[in-house]
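Q: My structure is stored as final-v8.cif, with mmCIF, C-alpha atoms.
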```cif
data_target
loop_
_atom_site.label_atom_id
_atom_site.label_comp_id
_atom_site.auth_asym_id
_atom_site.auth_seq_id
_atom_site.Cartn_x
_atom_site.Cartn_y
_atom_site.Cartn_z
CA MET A 7 -34.77 -15.43 -5.64
CA THR A 8 -31.63 -15.02 -3.58
CA CYS A 9 -30.80 -12.02 -1.41
CA ASN A 10 -28.03 -10.97 -3.78
CA GLU A 11 -30.39 -11.00 -6.73
CA CYS A 12 -32.94 -9.03 -4.75
CA GLU A 13 -30.39 -6.42 -3.78
CA ARG A 14 -29.15 -6.12 -7.34
CA ILE A 15 -32.68 -5.61 -8.62
CA LEU A 16 -33.44 -2.99 -6.03
CA LEU A 17 -30.25 -1.10 -6.77
CA ASP A 18 -30.80 -1.28 -10.50
CA LEU A 19 -34.33 -0.04 -10.19
CA MET A 20 -33.07 3.07 -8.53
CA ASN A 21 -31.21 3.95 -11.67
CA GLY A 22 -32.85 6.07 -14.30
CA SER A 23 -32.22 3.54 -17.01
CA SER A 24 -34.50 1.10 -15.26
CA LYS A 25 -37.42 3.43 -15.69
CA ALA A 26 -37.72 2.22 -19.21
CA ALA A 27 -38.04 -1.33 -18.01
CA GLY A 28 -41.83 -1.02 -18.13
CA LYS A 29 -43.80 -4.16 -17.44
CA SER A 30 -40.74 -6.30 -17.03
CA GLY A 31 -39.42 -3.87 -14.44
CA ARG A 32 -42.74 -4.01 -12.60
CA SER A 33 -42.69 -7.80 -12.53
CA VAL A 34 -39.09 -7.90 -11.38
CA LEU A 35 -39.88 -5.40 -8.66
CA THR A 36 -42.85 -7.47 -7.56
CA LEU A 37 -40.58 -10.47 -7.26
CA ALA A 38 -38.09 -8.48 -5.22
CA GLU A 39 -40.82 -7.13 -2.96
CA SER A 40 -42.22 -10.55 -2.36
CA HIS A 41 -38.76 -11.75 -1.47
CA ALA A 42 -38.28 -8.79 0.87
CA GLN A 43 -41.52 -9.64 2.72
CA ASP A 44 -40.08 -13.00 3.66
CA CYS A 45 -36.50 -11.86 4.26
CA THR A 46 -35.81 -9.41 7.06
CA VAL A 47 -32.36 -8.54 5.70
CA CYS A 48 -33.68 -7.61 2.28
CA ALA A 49 -36.59 -5.78 3.88
CA GLY A 50 -34.08 -3.64 5.70
CA LYS A 51 -32.17 -2.98 2.49
CA LEU A 52 -35.35 -2.03 0.71
CA SER A 53 -36.16 0.40 3.47
CA ASP A 54 -32.68 1.89 3.29
CA LEU A 55 -32.92 2.35 -0.43
CA ARG A 56 -36.26 4.07 -0.11
CA LEU A 57 -34.67 6.37 2.39
CA LEU A 58 -31.78 7.11 0.07
CA HIS A 59 -34.05 7.65 -2.88
CA ALA A 60 -36.16 10.14 -0.97
CA ALA A 61 -33.08 12.05 0.13
CA LEU A 62 -31.70 12.13 -3.40
CA ASP A 63 -35.02 13.45 -4.67
CA GLN A 64 -34.87 16.26 -2.17
CA LEU A 65 -31.28 17.09 -3.04
CA ARG A 66 -32.11 17.15 -6.74
CA GLY A 67 -35.05 19.42 -6.02
CA SER A 68 -32.96 21.74 -3.89
CA THR A 69 -30.47 22.31 -6.66
CA LYS A 70 -32.85 22.17 -9.58
CA GLN A 71 -32.77 25.87 -10.28
CA MET A 72 -29.10 26.34 -9.59
CA GLU A 73 -27.35 28.06 -12.49
CA ALA A 74 -23.99 29.53 -13.21
CA PRO A 75 -23.62 33.25 -12.48
CA ALA A 76 -24.37 35.63 -15.33
CA ARG A 77 -20.79 36.86 -15.40
CA VAL A 78 -19.72 33.50 -16.80
CA GLU A 79 -21.85 34.06 -19.87
CA THR A 80 -20.47 37.56 -20.25
CA LYS A 81 -16.91 36.31 -20.12
CA LEU A 82 -17.65 33.58 -22.61
CA ARG A 83 -19.22 36.03 -25.02
CA GLU A 84 -16.15 38.25 -24.80
CA ALA A 85 -13.87 35.29 -25.35
CA PHE A 86 -15.91 34.19 -28.33
CA ARG A 87 -15.76 37.65 -29.90
CA GLU A 88 -12.05 37.83 -29.26
CA MET A 89 -11.52 34.48 -30.90
CA GLY A 90 -13.56 35.59 -33.88
CA THR A 91 -11.63 38.81 -34.41
CA ARG A 92 -8.21 37.43 -33.66
CA SER A 93 -8.27 34.52 -36.03
CA GLY A 94 -10.00 33.92 -39.28
CA PRO A 95 -10.53 30.41 -40.46
CA ARG A 96 -8.23 28.37 -38.39
CA ILE A 97 -5.98 25.87 -40.00
CA ALA A 98 -6.11 22.62 -38.23
CA ARG A 99 -2.67 21.67 -37.08
CA ASN A 100 -1.53 18.21 -37.71
CA PRO A 101 0.05 17.09 -34.46
CA TRP A 102 2.11 14.51 -36.34
CA ALA A 103 3.71 17.09 -38.63
CA THR A 104 6.37 17.97 -36.09
CA VAL A 105 7.13 14.33 -35.42
CA TRP A 106 7.51 13.53 -39.10
CA ALA A 107 9.69 16.55 -39.72
CA SER A 108 11.94 15.62 -36.81
CA ALA A 109 12.22 12.05 -38.01
CA ALA A 110 13.10 13.16 -41.53
CA ALA A 111 15.74 15.56 -40.27
CA LEU A 112 17.25 12.87 -38.05
CA THR A 113 17.32 10.40 -40.93
CA LEU A 114 19.12 12.87 -43.16
CA LEU A 115 21.61 13.63 -40.43
CA VAL A 116 22.38 9.97 -39.82
CA ALA A 117 22.70 9.30 -43.55
CA GLY A 118 25.08 12.21 -43.96
CA LEU A 119 27.22 11.13 -41.04
CA SER A 120 27.38 7.55 -42.23
CA LEU A 121 28.45 8.65 -45.69
CA TYR A 122 31.04 10.94 -44.22
CA LEU A 123 32.47 8.31 -41.93
CA THR A 124 32.41 5.38 -44.37
CA PRO A 125 36.03 4.46 -45.25
CA GLY A 126 35.24 3.54 -48.84
CA ALA A 127 33.59 6.80 -49.65
CA LYS A 128 36.70 8.88 -49.96
CA ALA A 129 36.97 11.98 -51.97
CA PRO A 130 39.29 11.84 -54.94
CA VAL A 131 42.76 13.12 -54.54
CA THR A 132 42.89 16.69 -55.58
CA VAL A 133 45.66 19.08 -56.05
CA GLU A 134 44.97 22.67 -55.55
CA ASN A 135 46.17 25.09 -58.13
CA LYS A 136 48.35 27.12 -55.89
CA SER A 137 51.65 28.66 -56.46
CA VAL A 138 54.84 27.42 -55.03
CA GLU A 139 57.06 30.03 -53.62
CA PRO A 140 60.76 30.05 -54.30
CA ALA A 141 62.97 28.36 -51.85
CA ASP A 142 64.71 31.46 -50.68
CA ARG A 143 61.54 33.43 -50.00
CA THR A 144 59.47 30.85 -48.26
CA PRO A 145 59.75 30.66 -44.52
CA ARG A 146 60.41 27.22 -43.35
CA LYS A 147 57.56 25.74 -41.50
CA ALA A 148 57.79 22.82 -39.30
CA ARG A 149 55.38 20.29 -40.66
CA GLN A 150 54.43 17.19 -38.82
CA GLY A 151 54.59 13.92 -40.64
CA GLN A 152 56.77 15.27 -43.40
CA PRO A 153 60.35 14.72 -42.48
CA LEU A 154 61.41 14.76 -46.08
CA ALA A 155 59.60 17.91 -47.05
CA PRO A 156 62.14 20.63 -46.78
CA HIS A 157 60.98 23.20 -49.25
CA SER A 158 58.88 24.25 -52.12
CA ALA A 159 58.44 20.80 -53.48
CA SER A 160 57.13 19.75 -50.15
CA ARG A 161 54.93 22.82 -50.16
CA ALA A 162 53.57 21.68 -53.45
CA VAL A 163 52.96 18.35 -51.85
CA ALA A 164 51.48 20.07 -48.89
CA SER A 165 48.85 21.48 -51.10
CA VAL A 166 47.69 18.03 -52.00
CA ARG A 167 44.47 17.17 -50.34
CA LYS A 168 43.43 13.68 -49.91
CA ASN A 169 40.21 12.52 -48.29
CA GLY A 170 39.39 16.03 -47.38
CA HIS A 171 42.41 16.33 -45.14
CA ALA A 172 44.64 19.18 -45.98
CA SER A 173 48.19 18.20 -45.35
CA GLY A 174 49.11 21.78 -44.94
CA LYS A 175 47.87 25.26 -45.55
CA GLN A 176 49.34 27.67 -47.95
CA GLU A 177 48.17 31.19 -48.14
CA ARG A 178 47.41 32.36 -51.60
CA ARG A 179 49.31 35.48 -52.53
CA PRO A 180 48.14 37.28 -55.63
CA GLY A 181 50.94 38.12 -57.97
CA ILE A 182 53.32 35.46 -56.95
CA GLU A 183 51.59 32.95 -59.10
CA ASP A 184 51.93 35.16 -62.07
CA ASN A 185 55.47 36.18 -61.49
CA LEU A 186 56.72 32.76 -60.79
CA SER A 187 55.58 30.07 -63.10
CA GLN A 188 56.03 27.54 -60.39
CA ARG A 189 52.78 25.81 -60.18
CA VAL A 190 51.58 22.40 -59.49
CA TYR A 191 49.74 21.01 -62.41
CA ARG A 192 46.21 19.98 -61.93
CA LEU A 193 45.91 16.26 -62.15
CA GLY A 194 43.09 14.14 -63.37
CA GLY A 195 40.25 15.63 -65.36
CA GLU A 196 40.54 19.05 -64.17
CA ILE A 197 42.61 17.82 -61.36
CA ASN A 198 44.30 14.47 -61.47
CA GLN A 199 46.84 13.19 -63.91
CA ARG A 200 48.37 10.06 -62.55
CA VAL A 201 51.64 8.96 -64.03
CA PRO A 202 52.25 5.24 -63.84
CA ALA A 203 55.70 4.14 -62.89
CA ALA A 204 57.56 2.48 -65.71
CA ALA A 205 58.34 -1.18 -65.48
CA GLY A 206 61.74 -1.95 -64.17
CA GLU A 207 61.98 1.07 -62.05
CA GLU A 208 62.33 0.39 -58.43
CA LEU A 209 59.52 2.45 -57.22
CA SER A 210 57.09 1.04 -54.75
CA LEU A 211 54.04 3.09 -54.10
CA ASN A 212 52.80 0.71 -51.41
CA GLY A 213 49.27 1.42 -52.40
CA GLY A 214 47.51 4.61 -51.68
CA SER A 215 50.44 6.67 -52.91
CA ASN A 216 50.16 9.21 -55.65
CA VAL A 217 52.35 10.56 -58.34
CA ILE A 218 51.92 14.09 -59.44
CA ARG A 219 53.65 16.02 -62.11
CA VAL A 220 55.03 19.33 -61.03
CA THR A 221 56.98 22.12 -62.63
CA VAL A 222 59.30 23.78 -60.18
CA PRO A 223 62.57 25.67 -60.25
CA LEU A 224 65.71 23.65 -60.04
CA SER A 225 66.50 25.33 -56.79
CA SER A 226 63.48 23.62 -55.29
CA LEU A 227 64.82 20.25 -56.31
CA ALA A 228 68.22 21.13 -54.97
CA ALA A 229 66.66 21.78 -51.61
CA ILE A 230 65.62 18.16 -51.39
CA GLY A 231 68.96 16.79 -52.55
CA VAL A 232 68.73 16.66 -56.35
CA PRO A 233 72.02 17.69 -57.97
CA MET A 234 71.72 20.74 -60.16
CA HIS A 235 73.82 23.17 -62.05
CA PRO A 236 74.57 26.19 -59.87
CA ASP A 237 74.16 28.63 -62.76
CA MET A 238 70.60 27.75 -63.55
CA PRO A 239 68.66 28.04 -60.30
CA ASP A 240 65.62 29.51 -61.94
CA ARG A 241 65.34 27.05 -64.71
CA GLN A 242 62.04 25.27 -64.69
CA VAL A 243 62.02 21.55 -64.52
CA THR A 244 59.16 19.12 -64.84
CA ALA A 245 59.20 16.15 -62.54
CA ASP A 246 56.96 13.31 -61.40
CA VAL A 247 56.81 13.23 -57.64
CA ALA A 248 55.61 10.15 -55.82
CA MET A 249 54.14 10.77 -52.40
CA ASN A 250 52.97 8.56 -49.65
CA PRO A 251 49.46 8.99 -48.26
CA PHE A 252 50.72 11.51 -45.76
CA GLY A 253 52.10 13.77 -48.42
CA ALA A 254 55.75 13.02 -47.87
CA ILE A 255 57.89 12.65 -51.00
CA ILE A 256 59.17 9.15 -51.58
CA ALA A 257 60.48 9.43 -55.14
CA ILE A 258 61.14 11.98 -57.86
CA ARG A 259 61.57 11.35 -61.56
CA LEU A 260 62.80 14.15 -63.72
CA VAL A 261 60.80 14.39 -66.90
CA LYS A 262 61.94 17.54 -68.57
CA MET B 27 -23.54 23.99 -32.78
CA GLN B 28 -23.52 24.75 -36.49
CA LEU B 29 -24.18 28.39 -35.74
CA MET B 30 -21.28 28.51 -33.35
CA LEU B 31 -19.02 26.83 -35.88
CA ALA B 32 -20.06 29.51 -38.36
CA GLY B 33 -18.89 32.14 -35.91
CA GLU B 34 -22.33 33.24 -34.77
CA GLU B 35 -22.46 34.31 -31.17
CA GLU B 36 -26.08 33.30 -30.94
CA GLY B 37 -25.02 29.72 -31.43
CA LEU B 38 -22.76 29.89 -28.41
CA VAL B 39 -25.41 31.57 -26.32
CA ALA B 40 -27.99 28.96 -27.22
CA LEU B 41 -25.62 26.14 -26.30
CA TYR B 42 -24.67 27.85 -23.09
CA GLN B 43 -28.25 28.44 -22.05
CA LYS B 44 -29.09 24.85 -22.74
CA TYR B 45 -26.24 23.16 -20.94
CA GLN B 46 -24.73 25.53 -18.41
CA ALA B 47 -27.03 24.58 -15.55
CA SER B 48 -26.25 20.89 -15.90
CA ILE B 49 -22.52 21.52 -16.02
CA TYR B 50 -22.66 23.90 -13.11
CA ARG B 51 -24.74 21.56 -10.93
CA PHE B 52 -22.52 18.64 -11.82
CA SER B 53 -19.48 20.62 -10.72
CA VAL B 54 -21.15 21.81 -7.54
CA HIS B 55 -22.19 18.30 -6.58
CA LEU B 56 -18.71 16.98 -7.22
CA THR B 57 -16.79 19.71 -5.45
CA GLY B 58 -19.25 21.29 -3.04
CA ARG B 59 -17.80 24.67 -3.95
CA ARG B 60 -19.43 27.29 -6.09
CA ASP B 61 -16.22 29.10 -6.97
CA ILE B 62 -14.69 25.99 -8.47
CA ALA B 63 -17.94 25.12 -10.20
CA GLU B 64 -18.04 28.57 -11.76
CA ASP B 65 -14.51 28.26 -13.06
CA VAL B 66 -15.15 24.77 -14.33
CA THR B 67 -18.28 25.85 -16.18
CA GLN B 68 -16.46 28.72 -17.81
CA GLU B 69 -13.46 26.60 -18.76
CA THR B 70 -15.67 23.86 -20.14
CA PHE B 71 -17.33 26.20 -22.58
CA LEU B 72 -14.03 27.84 -23.39
CA VAL B 73 -12.73 24.47 -24.48
CA LEU B 74 -15.74 24.15 -26.73
CA ILE B 75 -15.15 27.62 -28.16
CA ARG B 76 -11.47 27.04 -28.82
CA ALA B 77 -11.80 23.58 -30.28
CA PRO B 78 -15.35 22.98 -31.41
CA ARG B 79 -14.15 20.21 -33.72
CA GLY B 80 -13.14 18.22 -30.68
CA TYR B 81 -16.73 17.21 -30.29
CA GLN B 82 -17.63 14.22 -32.43
CA PRO B 83 -21.38 13.65 -32.58
CA GLU B 84 -21.00 9.96 -33.33
CA ARG B 85 -19.43 9.43 -29.92
CA GLY B 86 -22.39 10.72 -27.97
CA ALA B 87 -24.46 13.72 -27.10
CA LEU B 88 -22.90 17.12 -26.63
CA LEU B 89 -23.93 17.16 -22.99
CA LEU B 90 -21.89 14.03 -22.35
CA TYR B 91 -18.91 15.59 -24.08
CA LEU B 92 -19.25 18.65 -21.87
CA PHE B 93 -19.62 16.47 -18.79
CA GLY B 94 -16.39 14.73 -19.74
CA ILE B 95 -14.53 18.02 -20.01
CA ALA B 96 -16.01 19.29 -16.77
CA ARG B 97 -15.09 16.08 -15.00
CA LYS B 98 -11.44 16.46 -15.95
CA LEU B 99 -11.41 20.10 -14.95
CA VAL B 100 -13.05 19.34 -11.62
CA TRP B 101 -10.48 16.75 -10.64
CA ARG B 102 -7.68 18.99 -11.80
CA ALA B 103 -9.03 21.83 -9.70
CA MET B 104 -9.51 19.55 -6.72
CA ARG B 105 -5.95 18.32 -6.96
CA ARG B 106 -4.73 21.88 -7.23
CA ASP B 107 -6.76 23.10 -4.27
CA ARG B 108 -6.49 20.11 -2.01
CA PHE B 109 -4.06 21.88 0.29
CA PHE B 110 -6.29 24.88 0.67
CA SER B 111 -9.69 23.32 1.12
CA ALA B 112 -8.85 22.16 4.61
CA LEU B 113 -8.60 25.75 5.80
CA GLU B 114 -12.10 26.55 4.72
CA ASP B 115 -15.30 25.84 6.48
CA ASN B 116 -17.08 22.65 5.63
CA HIS B 117 -18.40 23.65 2.20
CA PRO B 118 -19.97 26.90 3.32
CA SER B 119 -20.71 28.21 -0.11
CA LEU B 120 -23.00 25.48 -1.33
CA PRO B 121 -26.52 26.84 -1.31
CA VAL B 122 -29.33 24.63 -0.27
CA TRP B 123 -32.62 25.76 -1.61
CA VAL B 124 -35.64 23.69 -0.72
CA PRO B 125 -38.56 25.66 -2.06
CA ASP B 126 -41.20 23.00 -1.47
CA PHE B 127 -40.19 22.31 2.08
CA ALA B 128 -38.99 25.68 3.20
CA GLY B 129 -40.53 25.28 6.59
CA ASP B 130 -39.36 21.78 7.16
CA ILE B 131 -36.10 22.07 8.98
CA GLY B 132 -35.79 18.34 9.22
CA ARG B 133 -35.86 17.83 5.51
CA GLU B 134 -33.37 20.59 4.96
CA ARG B 135 -31.08 18.91 7.40
CA GLN B 136 -31.58 15.71 5.51
CA VAL B 137 -30.48 17.34 2.28
CA LEU B 138 -27.42 18.74 4.00
CA GLN B 139 -26.55 15.35 5.36
CA LEU B 140 -26.88 13.70 1.99
CA ARG B 141 -24.81 16.42 0.37
CA ASP B 142 -22.05 15.94 2.91
CA ALA B 143 -22.27 12.18 2.52
CA ILE B 144 -21.83 12.48 -1.23
CA LEU B 145 -18.88 14.79 -0.83
CA SER B 146 -17.24 12.36 1.55
CA LEU B 147 -17.39 9.53 -0.98
CA PRO B 148 -14.18 8.53 -2.75
CA GLY B 149 -13.88 10.28 -6.07
CA LYS B 150 -14.54 7.32 -8.33
CA TYR B 151 -17.78 6.54 -6.48
CA ARG B 152 -18.78 10.16 -6.12
CA GLU B 153 -18.66 10.98 -9.79
CA ILE B 154 -20.73 7.96 -10.70
CA ALA B 155 -23.29 8.69 -7.98
CA VAL B 156 -23.57 12.29 -9.14
CA LEU B 157 -23.91 11.30 -12.77
CA CYS B 158 -26.48 8.58 -12.22
CA ASP B 159 -28.41 9.67 -9.15
CA LEU B 160 -28.30 13.45 -9.41
CA GLN B 161 -27.83 14.08 -13.13
CA GLU B 162 -29.98 11.05 -13.87
CA LEU B 163 -27.82 9.62 -16.61
CA SER B 164 -28.09 6.01 -17.66
CA TYR B 165 -25.34 3.50 -17.11
CA GLU B 166 -24.28 3.86 -20.72
CA GLU B 167 -24.13 7.63 -20.59
CA ALA B 168 -22.24 7.60 -17.31
CA ALA B 169 -19.78 5.12 -18.78
CA THR B 170 -19.21 7.47 -21.72
CA VAL B 171 -18.51 10.39 -19.42
CA ALA B 172 -16.32 8.49 -16.98
CA ARG B 173 -14.60 6.56 -19.77
CA CYS B 174 -15.10 3.19 -18.22
CA SER B 175 -17.22 0.15 -18.88
CA ILE B 176 -20.88 -0.19 -18.03
CA GLY B 177 -20.06 -2.96 -15.60
CA THR B 178 -17.67 -0.65 -13.81
CA VAL B 179 -20.35 2.01 -13.61
CA ARG B 180 -22.83 -0.46 -12.18
CA SER B 181 -20.48 -1.81 -9.55
CA ARG B 182 -19.31 1.65 -8.54
CA LEU B 183 -22.85 2.91 -8.30
CA HIS B 184 -23.91 0.02 -6.14
CA ARG B 185 -20.96 0.56 -3.90
CA ALA B 186 -21.65 4.29 -3.74
CA ARG B 187 -25.24 3.71 -2.75
CA GLN B 188 -24.24 1.25 -0.07
CA LEU B 189 -21.80 3.79 1.32
CA LEU B 190 -24.40 6.53 1.18
CA VAL B 191 -26.97 4.45 3.03
CA ARG B 192 -24.41 3.58 5.66
CA LYS B 193 -23.40 7.19 6.11
CA LEU B 194 -26.96 8.43 6.23
CA LYS B 195 -27.96 5.82 8.77
CA GLY B 196 -24.92 6.66 10.79
CA ARG B 197 -26.02 10.26 10.91
CA GLY B 198 -29.48 9.36 12.09
CA LEU B 199 -31.44 10.11 8.98
CA ARG B 200 -35.13 10.05 9.70
CA GLN B 201 -36.88 6.95 8.59
CA GLU B 202 -40.09 8.82 7.96
CA ALA B 203 -38.46 10.72 5.15
CA ALA B 204 -39.22 7.89 2.83
CA GLY B 205 -42.54 7.05 4.35
CA SER B 206 -44.73 8.65 1.76
CA SER B 207 -42.71 7.48 -1.22
CA SER B 208 -43.86 4.80 -3.52
CA VAL B 209 -41.64 1.81 -3.99
CA LEU B 210 -38.24 3.42 -4.64
CA GLY B 211 -40.11 6.48 -5.84
CA TYR B 212 -40.65 5.19 -9.34
CA ASP B 213 -44.01 4.80 -10.98
CA LEU B 214 -43.34 1.66 -12.88
#
```
Any chance you could give the structure as structure tokens?
A:
Amino acid sequence: MTCNECERILLDLMNGSSKAAGKSGRSVLTLAESHAQDCTVCAGKLSDLRLLHAALDQLRGSTKQMEAPARVETKLREAFREMGTRSGPRIARNPWATVWASAAALTLLVAGLSLYLTPGAKAPVTVENKSVEPADRTPRKARQGQPLAPHSASRAVASVRKNGHASGKQERRPGIEDNLSQRVYRLGGEINQRVPAAAGEELSLNGGSNVIRVTVPLSSLAAIGVPMHPDMPDRQVTADVAMNPFGAIIAIRLVK
Amino acid sequence: MQLMLAGEEEGLVALYQKYQASIYRFSVHLTGRRDIAEDVTQETFLVLIRAPRGYQPERGALLLYLFGIARKLVWRAMRRDRFFSALEDNHPSLPVWVPDFAGDIGRERQVLQLRDAILSLPGKYREIAVLCDLQELSYEEAATVARCSIGTVRSRLHRARQLLVRKLKGRGLRQEAAGSSSVLGYDL
């Protein structure tokens, strides 16, 4: 037996688990003792461990009857009663519930943003059913991106919304719509009614442009340069108006 | 435990009466302070009251579970109070009661020396020495409480005992203290 083995045995035998070693423990201890008789170093270690063991015994004995103060039990009883009265059967919280809910909310947010920002997913062109005020009553508004939109026709165009972008705002005034039958027709289903350009006509829509059919007073057409009879300013005229993606008028075809 | 889960106060009292002394002594041996040990004991059982389902019987005995809670609370309290403990006397509140050797001043001094030696051990050695040598847990049980391997427990315990022997010898512990003991004190 080496000194290291002897020391390991002696240290292990101090532990409570070695008590159950029984006969094998006794034989191992006998071996260690016999080694310690021949080895002065191990004999010294054995003596030290005996010393330590005796001191530990005394310390255990000195604190054997040490207990927590009675007030601890009183406080615990109060806490237990309080817990019992405050809450009935407690529902175990799932700590992952919050994480899953957050992840689901984030996923929905990202999906919504991606759909909103995807170029292909554009909303259909819609035309709001709003009245067009007469040329002489409507205050002229400077409108960016619409150099050719001088008046009511351009206001009708301004009410066109494409891709969710309103090209202009027009306040709805009750009564005007009824008094003046100047309205932009809804196009397509409820909304859109595209009018294809006839062959042979020199009309280039350059893609992305729209044609809407409007009914406006002649005076409105006169404001954008269409010749008209001066005695019939209030006569209604139906026209197909081609607009570029920004809402500016690029062509007008009189229909009726 | 079942009684306590059913909301019966008697269940709590029975558990407390059974385990409070062990938890309290464990805390006292680790900290050397009765005030901290009292708080730790109370908090340990409060944890059990608030979350009794946290104890899983298949992972070990309830006492080991309570030791694990107390161990965490002790180190937390020691970290919190480390700036204040230096102002106090050298562990004045720890009682030393030696009923069998009341007249033996030398043995009482020996107990005091060992207590101070244990408290001067590094934390990782101290907790293992307290668990194995003072609470008399096995290597396996100590490993469960300290959440480490059995090999780690063994090596730390050996190191702790070597340090204790060195400290005790350095303080002139009487050799005759172990004179009447059997071999290592065990009746194998």
Q: Let me know the residues the PyMOL selection byres ((chain B and resi 30-46) around 9) catches in the file above, as a list in words.
A: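 With the PyMOL selection byres ((chain B and resi 30-46) around 9) on this model, the match is Glu73, Ala74, Glu79, Leu82, Arg83, Phe86, Arg87 and Gly90 of chain A; Met27, Gln28, Leu29, Ala47, Ser48, Ile49, Tyr50, Arg51, Thr67, Gln68, Phe71, Ile75, Pro78, Arg79, Leu88, Leu89 and Leu92 of chain B.
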Q: When you draw a straight line from CA of Val73 (chain B) to CA of Ser175 (chain B), how long is it in Å?
A: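 The value is 25.4 Å.
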Q: Just the number, please: distance in Å from CA of Ala245 (chain A) to CA of Ser225 (chain A), one decimal.
A: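 Atom-to-atom, CA of Ala245 (chain A) and CA of Ser225 (chain A) are spaced 13.1 Å apart.
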Q: Just the number, please: distance in Å from CA of Tyr151 (chain B) to CA of Arg182 (chain B), one decimal.
A: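 Interatomic distance, CA of Tyr151 (chain B) to CA of Arg182 (chain B): 5.5 Å.
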Q: Dump as a list in words all residues having an atom at most 8 Å from (-16.4, 20.8, -20.0), computed in the file's coordinates with all atoms listed in the file.
A: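 Residues found, by chain and rising number: Ile49, Val66, Thr67, Glu69, Thr70, Phe71, Val73, Leu74, Tyr91, Leu92, Phe93, Gly94, Ile95, Ala96, Arg97, Lys98 and Leu99 of chain B.
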Q: My list of candidates is A:Cys9, A:Leu57, A:Leu37, A:Ala248. Which is closest to chain B when distances are computed with all atoms listed in the file?
A: A:Leu57
Q: List as a count of residues only the protein and nucleic acid residues near Ile144 (chain B), meaning an atom at most 10 Å away when only C-alpha atoms are counted, but skip any in the same chain fewer than 5 places from it.
A: 18
